[in-house]
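Taking it in order: structure first as structure tokens, then the write-up.
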Amino acid sequence: MAVREDRVEELARRRGFLWQAYEIYGGTAGFYDYGPLGARLKRQLEAEWRLFYSLEGFFEIESPTIAPAAVFRASGHLNCFSDLAVVCSRCDSFFRVDDEIVAGGKCPECGGELAGAGEFNLMFQTRIGVPKGKEGANRGEGYLRPETAQGMFVNFQRLLRFNRGKLPFGVIQLGKAYRNEISPRQSLIRLREFTMAEVEVFVDPDEKDSHPGFDTVRDRRIWLNPAEGEECETSVGDAVRSGIIANEYLGYHIAKVKEFLERIGIPSDRLRFRQHRKDEMAHYARDCWDAEFMSRRYGWMEIVGIADRGDYDLAAHATYSKVDMGVHTHTQTQTHSKMIPHVIEPSYGLDRIIYAIMESAFTEEQVGKETRKVLRLIPELAPVKAAVFPLLNREELKQKAKSVFQSLKQELVYVDYDDSGSIGRRYRRQDEIGTPYCVTIDYQTLEDDTVTIRDRDTMEQHRVRIDDLSAAILAGIRNLHV
Ligand code: AMP
């Protein structure tokens, strides 16, 4: 099926943000490369996310991406982490049953008849070490993780000790996850290798109804699409009070997800939270809300899942590993019996978020006879913070511009120098990749050491002294991540 190429994806590929991996061998579905600008954007997004949750007081760990089968036997992924597939009898293409494109009953590629093809487990299997001896077949059976979460659950007792035995606490992890998706056909939306940023908040189940920071989010407005009842815009406090959102912990973290997504440039009117119906919930979840982004190309799409995993994972690992995952609860007068903590989990997929950021930031506007393409990224995420140009291609201007460029680079690191083509074209090249500031060196610079700064969004220019240049640019950037 010919789908008109999306302008954002065209720009992303042409300007070095991202493209399909292994292109020279024809490309492999579900794998993408981030190029020089995309990798920077992604690193900075990761840094913003890390900062956001570190300010919550959560600590970060890094666990392996491969785990022995025992971990996923306990977590339920070996048995339950699968999708139903259909196959085309004419061209042999596989599709997920719940893909909208197969709703018509015909193969979206060639129009052939589709037939049921059973369940596929989405985990990539591998082998850890060399198989030896008679039992070789199952020895060393391992899997690439389909989520980072298990790395935090299996380490629960160590993390609890790190937190001096006290609940609640939060742990974060950022890294690759792998899912052998049946039909990954939509660029960054369904990948087989992608980056997750996950938060696991461990809490005493009796305390889920009172989050100590709830007052800070209580009045925030939020657009909800509950499993039962009407879609509504309401406050987080009202949603919890009326039971639409089950408890304050879940409500607090839904509000935090919204805050983070808005901070990185996703407009609130393109965000809603949709609750899973019972029959679509993951095997570990008691309740689950997806933060969904309204994409102009793909419609509503999940970018973050916020699940109440209850005690599912810790209880399962306790059973399978025979390691106690219980915690004593204390009151002022006595120690109660042991309980297994519950887990609230915001799980971000960073690649989909990058798509959402780029789609939200991309604008086209008419300037005179031309269409100006601008990527209105927040400055914290812009891959290039400032570009320095000589106004004209004259040696004395170029020399001065290069020296301004060199000194600015010491402060801002991600700075470009460009002296090719007309000044208008150079501005347009920077607008398209989201550079917030362009600095131009002209003849007046040689006389009084001032330059012009042009703002990407307003296109307004003003003069500043070279000595004040980096401070002027940094004033517009809350956190400089390099
Ligand atoms: P889940 O554990 O399925 O709720 O996934 C958590 C988040 O990971 C989702 O909200 C997506 O943003 C992201 N995600 C899940 N599967 C994929 C995939 N195949 N490709 C890219 N991102 C994904």
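Naming works like this for the structure tokens: A, B, ... for the chains as they're shown, residue 1 at the start of each chain, ligands 1 onward in shown order.
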(request) Give as a ChimeraX atom specification the residues surrounding ligand 1 up to a distance of 10 Å, considering only C-alpha atoms and all ligand atoms. (result) /A:30-31,81,122,146-149,177-184,186-198,281-282,285,288-292,301-307,345-354
Show me, as a VMD selection string, the residues that have an atom within 9 Å of Val201 in chain A when counting only C-alpha atoms, minus same-chain residues fewer than 5 positions from it.
chain A and resid 58 168 to 172 249 342 to 346
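Across A:Glu380, A:Ser82, A:Arg15, A:Leu375, the tightest approach to Arg478 in chain A is made by A:Glu380 when counting only C-alpha atoms.
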Judged by only C-alpha atoms, the minimum distance to Phe72 in chain A among A:Tyr143, A:Phe273, A:Tyr53, A:Phe405 is found for A:Tyr143
message = I'd like to know which residues of range 24-205 of chain A are strand (DSSP E) (by DSSP, run on the backbone); could you write them as a PyMOL selection string?
response = chain A and resi 32-34+59-60+66-68+82-88+94-96+114-121+125-127+141-144+169-178+193-203
Same residues, C-alpha atoms, output as a CSV table (one decimal), in the first residue's frame:
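Saved result, part31.csv, follows:
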chain,number,residue,atom,x,y,z
A,32,TYR,CA,16.5,2.4,12.8
A,33,ASP,CA,19.7,4.3,13.0
A,34,TYR,CA,19.9,7.7,14.6
A,59,PHE,CA,17.8,6.6,41.6
A,60,GLU,CA,19.0,5.1,38.4
A,66,ILE,CA,20.2,-10.2,28.2
A,67,ALA,CA,18.7,-12.3,31.0
A,68,PRO,CA,18.5,-16.1,31.6
A,82,SER,CA,2.8,-12.8,22.6
A,83,ASP,CA,0.6,-11.4,19.8
A,84,LEU,CA,-1.8,-13.2,17.5
A,85,ALA,CA,-0.8,-13.2,13.9
A,86,VAL,CA,-2.4,-13.6,10.5
A,87,VAL,CA,-0.6,-14.5,7.3
A,88,CYS,CA,-1.4,-13.7,3.7
A,94,PHE,CA,2.5,-11.5,8.5
A,95,PHE,CA,0.4,-9.0,10.4
A,96,ARG,CA,-0.7,-8.5,14.0
A,114,LEU,CA,-5.6,-13.7,5.4
A,115,ALA,CA,-5.6,-16.8,7.5
A,116,GLY,CA,-4.9,-17.2,11.3
A,117,ALA,CA,-1.2,-18.0,12.0
A,118,GLY,CA,-1.3,-18.5,15.8
A,119,GLU,CA,0.5,-16.8,18.6
A,120,PHE,CA,4.0,-15.5,18.5
A,121,ASN,CA,6.1,-14.8,21.5
A,125,GLN,CA,15.8,-15.8,22.1
A,126,THR,CA,19.6,-16.2,22.5
A,127,ARG,CA,22.1,-18.5,24.0
A,141,GLU,CA,18.8,-20.3,27.2
A,142,GLY,CA,18.5,-16.6,27.4
A,143,TYR,CA,16.4,-13.7,26.1
A,144,LEU,CA,16.9,-10.1,25.2
A,169,PHE,CA,11.2,4.6,46.7
A,170,GLY,CA,11.6,5.0,43.0
A,171,VAL,CA,14.1,3.4,40.6
A,172,ILE,CA,14.7,4.4,37.0
A,173,GLN,CA,16.3,2.7,34.1
A,174,LEU,CA,17.0,3.8,30.6
A,175,GLY,CA,18.1,1.5,27.9
A,176,LYS,CA,17.4,-0.8,24.9
A,177,ALA,CA,14.5,-3.2,24.9
A,178,TYR,CA,13.8,-5.8,22.2
A,193,GLU,CA,14.9,-2.6,19.1
A,194,PHE,CA,13.9,0.5,20.9
A,195,THR,CA,14.8,2.6,23.9
A,196,MET,CA,12.7,2.5,27.0
A,197,ALA,CA,12.9,4.8,30.0
A,198,GLU,CA,11.1,3.2,32.9
A,199,VAL,CA,10.3,4.2,36.4
A,200,GLU,CA,9.3,1.7,39.1
A,201,VAL,CA,7.9,3.1,42.3
A,202,PHE,CA,7.7,0.6,45.1
A,203,VAL,CA,5.0,1.5,47.6
One residue among A:Val102, A:Ala21, A:Cys91, A:Ala246 is nearest to Asp308 in chain A when using only C-alpha atoms, and that residue is A:Ala246
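For the pair CA of Ile244 in chain A and CA of Gly299 in chain A, the separation is 24.3 Å.
If you count only C-alpha atoms and ignore residues fewer than 3 places along the chain from Val464 in chain A, what sits within 9 Å of it is Asp449, Thr450, Val451, Thr452, Ile453, Asp467, Asp468, Leu469 and Ala472 of chain A.
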Restricting to only C-alpha atoms, whichever of A:Ala387, A:Ile101, A:Met294, A:Val323 is closest to Arg428 in chain A is A:Ala387
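Near Tyr252 in chain A, within 8 Å and counting only C-alpha atoms, sit A:His211, A:Gly213, A:Phe214, A:Val217, A:Val236, A:Glu248, A:Tyr249, A:Ala255, A:Lys256, not including residues fewer than 3 positions from it in the same chain.
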request  = Give the helix (DSSP H, G or I) residues of range 1-48 of chain A, as DSSP finds them on the backbone, and put them as JSON, numbers by chain.
outcome  = {"A": [7, 8, 9, 10, 11, 12, 13, 14, 23, 24, 25, 36, 37, 38, 39, 40, 41, 42, 43, 44, 45, 46, 47, 48]}
For the interface of range 311-386 of chain A with range 406-423 of chain A (cut-off 12 Å, counting only C-alpha atoms), please tabulate each contacting residue of range 311-386 of chain A alongside its nearest pair of atoms and their separation in Å to one decimal, rows sorted by chain and increasing number, as a tab-separated table.
residue	atom	partner	partner_atom	distance
A:Pro379	CA	A:Tyr414	CA	11.4
A:Glu380	CA	A:Tyr414	CA	11.2
A:Leu381	CA	A:Tyr414	CA	11.0
A:Ala382	CA	A:Tyr414	CA	9.0
A:Pro383	CA	A:Tyr414	CA	6.8
A:Val384	CA	A:Tyr414	CA	5.0
A:Lys385	CA	A:Tyr414	CA	5.7
A:Ala386	CA	A:Val415	CA	5.1
May I have the residues within 6 Å of Tyr437 in chain A as a ChimeraX atom specification, using only C-alpha atoms and disregarding those fewer than 6 positions away in the same chain?
/A:386,454-456
What's around Glu109 in chain A at 9 Å? Count only C-alpha atoms, leave out sequence neighbours fewer than 2 positions away in its own chain, and write the answer as a list in words. Met1, Cys88, Cys91, Ser93, Lys106, Cys107, Gly111 and Gly112 of chain A
Atoms kept (N, CA and C atoms) for selection, written as an mmCIF file, in the first residue's frame:
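So the final result, stored in again-v4.cif, reads:
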data_model
loop_
_atom_site.group_PDB
_atom_site.id
_atom_site.type_symbol
_atom_site.label_atom_id
_atom_site.label_comp_id
_atom_site.auth_asym_id
_atom_site.auth_seq_id
_atom_site.Cartn_x
_atom_site.Cartn_y
_atom_site.Cartn_z
ATOM 1 N N MET A 1 0.858 -1.198 0.000
ATOM 2 C CA MET A 1 0.000 0.000 0.000
ATOM 3 C C MET A 1 0.895 1.250 0.000
ATOM 4 N N CYS A 88 -0.770 -13.809 5.023
ATOM 5 C CA CYS A 88 -1.424 -13.698 3.716
ATOM 6 C C CYS A 88 -1.137 -14.970 2.912
ATOM 7 N N CYS A 91 1.030 -13.629 -0.458
ATOM 8 C CA CYS A 91 2.400 -13.086 -0.440
ATOM 9 C C CYS A 91 3.165 -13.431 0.835
ATOM 10 N N SER A 93 3.016 -12.396 3.805
ATOM 11 C CA SER A 93 3.287 -11.341 4.801
ATOM 12 C C SER A 93 2.532 -11.651 6.081
ATOM 13 N N LYS A 106 -8.443 -8.330 4.339
ATOM 14 C CA LYS A 106 -7.598 -8.616 3.164
ATOM 15 C C LYS A 106 -6.166 -8.168 3.456
ATOM 16 N N CYS A 107 -5.232 -8.783 2.770
ATOM 17 C CA CYS A 107 -3.826 -8.419 2.960
ATOM 18 C C CYS A 107 -3.599 -6.970 2.528
ATOM 19 N N GLY A 111 -3.704 -7.612 -1.162
ATOM 20 C CA GLY A 111 -5.140 -7.867 -1.286
ATOM 21 C C GLY A 111 -5.524 -9.336 -1.162
ATOM 22 N N GLY A 112 -4.543 -10.205 -0.886
ATOM 23 C CA GLY A 112 -4.813 -11.644 -0.753
ATOM 24 C C GLY A 112 -5.622 -11.984 0.491
#
Using only C-alpha atoms, which residues sit within 6 Å of Asp311 in chain A once same-chain residues fewer than 3 positions away are excluded, as a PDB file with N, CA and C atoms, in the first residue's frame?
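And here's around.pdb as it stands now:
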ATOM      1  N   LEU A 314       7.057  -8.854  41.985  1.00  0.00           N
ATOM      2  CA  LEU A 314       7.837  -9.233  43.163  1.00  0.00           C
ATOM      3  C   LEU A 314       7.358 -10.569  43.715  1.00  0.00           C
ATOM      4  N   ALA A 315       6.059 -10.793  43.731  1.00  0.00           N
ATOM      5  CA  ALA A 315       5.529 -12.062  44.234  1.00  0.00           C
ATOM      6  C   ALA A 315       5.994 -13.203  43.339  1.00  0.00           C
ATOM      7  N   PRO A 341       5.535  -5.143  48.426  1.00  0.00           N
ATOM      8  CA  PRO A 341       5.166  -3.820  47.910  1.00  0.00           C
ATOM      9  C   PRO A 341       4.465  -3.890  46.555  1.00  0.00           C
ATOM     10  N   HIS A 342       3.719  -2.857  46.276  1.00  0.00           N
ATOM     11  CA  HIS A 342       3.122  -2.705  44.955  1.00  0.00           C
ATOM     12  C   HIS A 342       4.019  -1.790  44.122  1.00  0.00           C
TER      13      HIS A 342
END
